[in-house]
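Asks: Sharing a structure with you now.
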Amino acid sequence: MLLKKIASKPDVYIYIISGRSRIHLDNWFAQTGVGLSAEHGCFYRHPSSLGEDFGGVDVAGFSTDNEGAMTNRRKNNGWYPLVDQVDSSWRETIRPLFMHYTERTPGSFIEEKEINLTWHYRNADPEFGSWQAAELQVNLEKILTHMAVSIILGNRTLELRPSTVDKASAARAILKDHDIPPTNAQAHLASKPRLSDPETKLSPETILHSLVSEDGALLGSECDFLLCIGDGKTDEVVFSTLHETFGVTAVANAGVAPADTKNGSKPTTSPAVGLNLAMFRNAGIPFYTVTVGKKQTEALYYVDGVKDVESLLQAIGEDA
């Protein structure tokens with residue numbers, strides 16, 4: 001399997017950050033050795049190659065700096081929780097509404113995860129299912145006004161999760177465990193000369209050139225290469241988090257803004273650049289955020305489809 005091949009390379013670590021449950025991810029990917037994050041950031045686990053004791057981040061009240069917490073982590077098969085004492089009473093409030101829409105939408109069903117609650121309608125009539133989902137969302141927004149619960153719209157799913165976590169929470173925890181967040185990136189970027197033309201188009205290469213130290217590593221860390229690929233709305237916060245971590249926002253604001261600003265509004269996101277295999281192999285760039293499909297995105301690059309993602313991974317598997 002391609003993922004297993006890449007994960008077996010020395011000092012190469014793969015993480016899959018998903019909305020699916022820990023049980024599903026374990027069933028699908030346990031044999032690959034990759035790192036996993038479940039339920040939109042509620043739980044995460046490092047790749048098996050790092051060992052059971054790797055980590056120690058103190059997030060949301062959980063720490064592995066004491067024997068008790070380490071024991072708890074091992075009992076959970078290496079999974080870290082990123083939610084602390086979640087009030088699940090909202091599930092009892094919401095479940096009857098989910099059941100109501102399940103009964104009136106043939107082909108739909110409810111999935112109860114450890115933390116999150118999901119209404120699936122992929123097997124329902126497409127038009128009717130979408131109409132029911134929109135109506136359900138309106139009713140949920142009324143009920144959840146005073147609850148710390150967020151609505152996630154997925155691929156023919158509607159999911160509820162605690163507002164305190166998302167996929168970016170898992171990304172931040174993973175970066176911290178690897179000691180990747182750079183300490184000197186902001187200072188380095190501040191020393192870069194500002195580009196004078198306010199309508200200069202900001203390219204990914206311009207950004208990424210400012211992120212690389214003289215030895216070719218990402219600033220402030222021993223990380224030589226970072227690739228993040230996602231295809232959904234919930235992945236956008238991960239792209240943003242990585243850009244903030246490595247100072248992309250600072251570069252974008254250094255006198256280089258898209259020309260499309262109206263009525264004093266914030267500059268719109270620069271369009272992602274199409275990424276092909278030749279560019280990927282030859283550019284020598286250590287940092288990529290990539291969305292699947294050309295659309296409005298926080299990512300710096302896009303690829304057309306899943307086959308392009310497979311090609312990128314194949315290239316990594318051959319070159320790593």
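Just remember, in the structure tokens the first chain shown is A, the second B, etc., residues are 1-based per chain, and ligands are 1-based in the order shown.
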With only C-alpha atoms as the counted atoms, please give the residues lying no more than 9 Å from A:Gly232, apart from itself and same-chain residues fewer than 3 positions off, as an NGL selection string.

Replies: :A and (154-155 or 235-236 or 291-292)

Asks: To one decimal place in Å, what is the distance between atom CA of A:Glu310 and atom CA of A:Gly230?

Replies: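 Atom-to-atom, atom CA of A:Glu310 to atom CA of A:Gly230, that is 12.8 Å.
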
Asks: May I ask which of the residues A:Thr93, A:Leu50, A:Ser240, A:Leu312 is the closest one to A:Leu227, counting only C-alpha atoms?

Replies: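 Distance minimum relative to A:Leu227 lands on A:Leu312.
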
Asks: Quick one: residues within 6 Å of stretch 117-122 of chain A, only C-alpha atoms, excluding same-chain residues fewer than 4 positions away - as a compact mmCIF listing (two decimals) with N, CA and C atoms, in the first residue's frame?

Replies:
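The file below, around-v8.txt, is the result:
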```txt
# COMPACT_ATOMS: atom_id res chain seq x y z
N SER A 108 -31.83 8.02 4.83
CA SER A 108 -30.96 8.74 5.76
C SER A 108 -30.78 7.92 7.05
N PHE A 109 -29.73 8.25 7.79
CA PHE A 109 -29.51 7.56 9.06
C PHE A 109 -28.64 8.41 9.98
N ILE A 110 -28.62 8.07 11.25
CA ILE A 110 -27.88 8.80 12.27
C ILE A 110 -26.65 8.00 12.66
N GLU A 111 -25.50 8.65 12.75
CA GLU A 111 -24.28 8.02 13.25
C GLU A 111 -23.89 8.70 14.56
N GLU A 112 -23.86 7.95 15.63
CA GLU A 112 -23.45 8.48 16.93
C GLU A 112 -22.01 8.10 17.19
N LYS A 113 -21.12 9.08 17.16
CA LYS A 113 -19.71 8.85 17.44
C LYS A 113 -19.47 9.07 18.93
N GLY A 129 -33.07 15.03 -0.21
CA GLY A 129 -32.14 14.98 0.92
C GLY A 129 -31.50 16.33 1.19
N ARG A 156 -22.84 15.39 1.84
CA ARG A 156 -24.15 14.81 2.13
C ARG A 156 -24.24 14.33 3.58
N THR A 157 -23.65 15.11 4.46
CA THR A 157 -23.75 14.88 5.90
C THR A 157 -23.95 16.21 6.61
N LEU A 158 -24.56 16.13 7.77
CA LEU A 158 -24.67 17.29 8.65
C LEU A 158 -24.25 16.80 10.04
N GLU A 159 -23.20 17.39 10.57
CA GLU A 159 -22.61 16.89 11.80
C GLU A 159 -22.56 17.98 12.86
N LEU A 160 -22.70 17.59 14.11
CA LEU A 160 -22.58 18.51 15.24
C LEU A 160 -21.36 18.10 16.06
```

Asks: In Å to one decimal, how far is atom CA of A:Asp166 from atom CA of A:Asp11?

Replies: 26.6 Å

Asks: Could you tell me which of A:Ile229, A:Ser150, A:Arg95, A:Leu275 comes closest to A:Ile16 if we count only C-alpha atoms?

Replies: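 Closest to A:Ile16, using only C-alpha atoms: A:Ile229.
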
Asks: Find the spatial neighbours of A:Ala148, counting only C-alpha atoms, within a cut-off of 9 Å - ignore same-chain residues fewer than 5 positions away - and output them as a ChimeraX atom specification.

Replies: /A:161-164

Asks: Keeping only C-alpha atoms, take the residues you just selected and write them out as a compact mmCIF listing (two decimals), in the first residue's frame.

Replies:
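Result file is selection32.txt:
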```txt
# COMPACT_ATOMS: atom_id res chain seq x y z
CA ARG A 161 -19.37 18.83 17.28
CA PRO A 162 -18.12 20.88 20.25
CA SER A 163 -17.17 24.40 19.16
CA THR A 164 -13.91 24.19 21.11
```

Asks: What gap, in Å, lies between atom CA of A:Asn76 and atom CA of A:Cys223?

Replies: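 So the answer is 28.4 Å.
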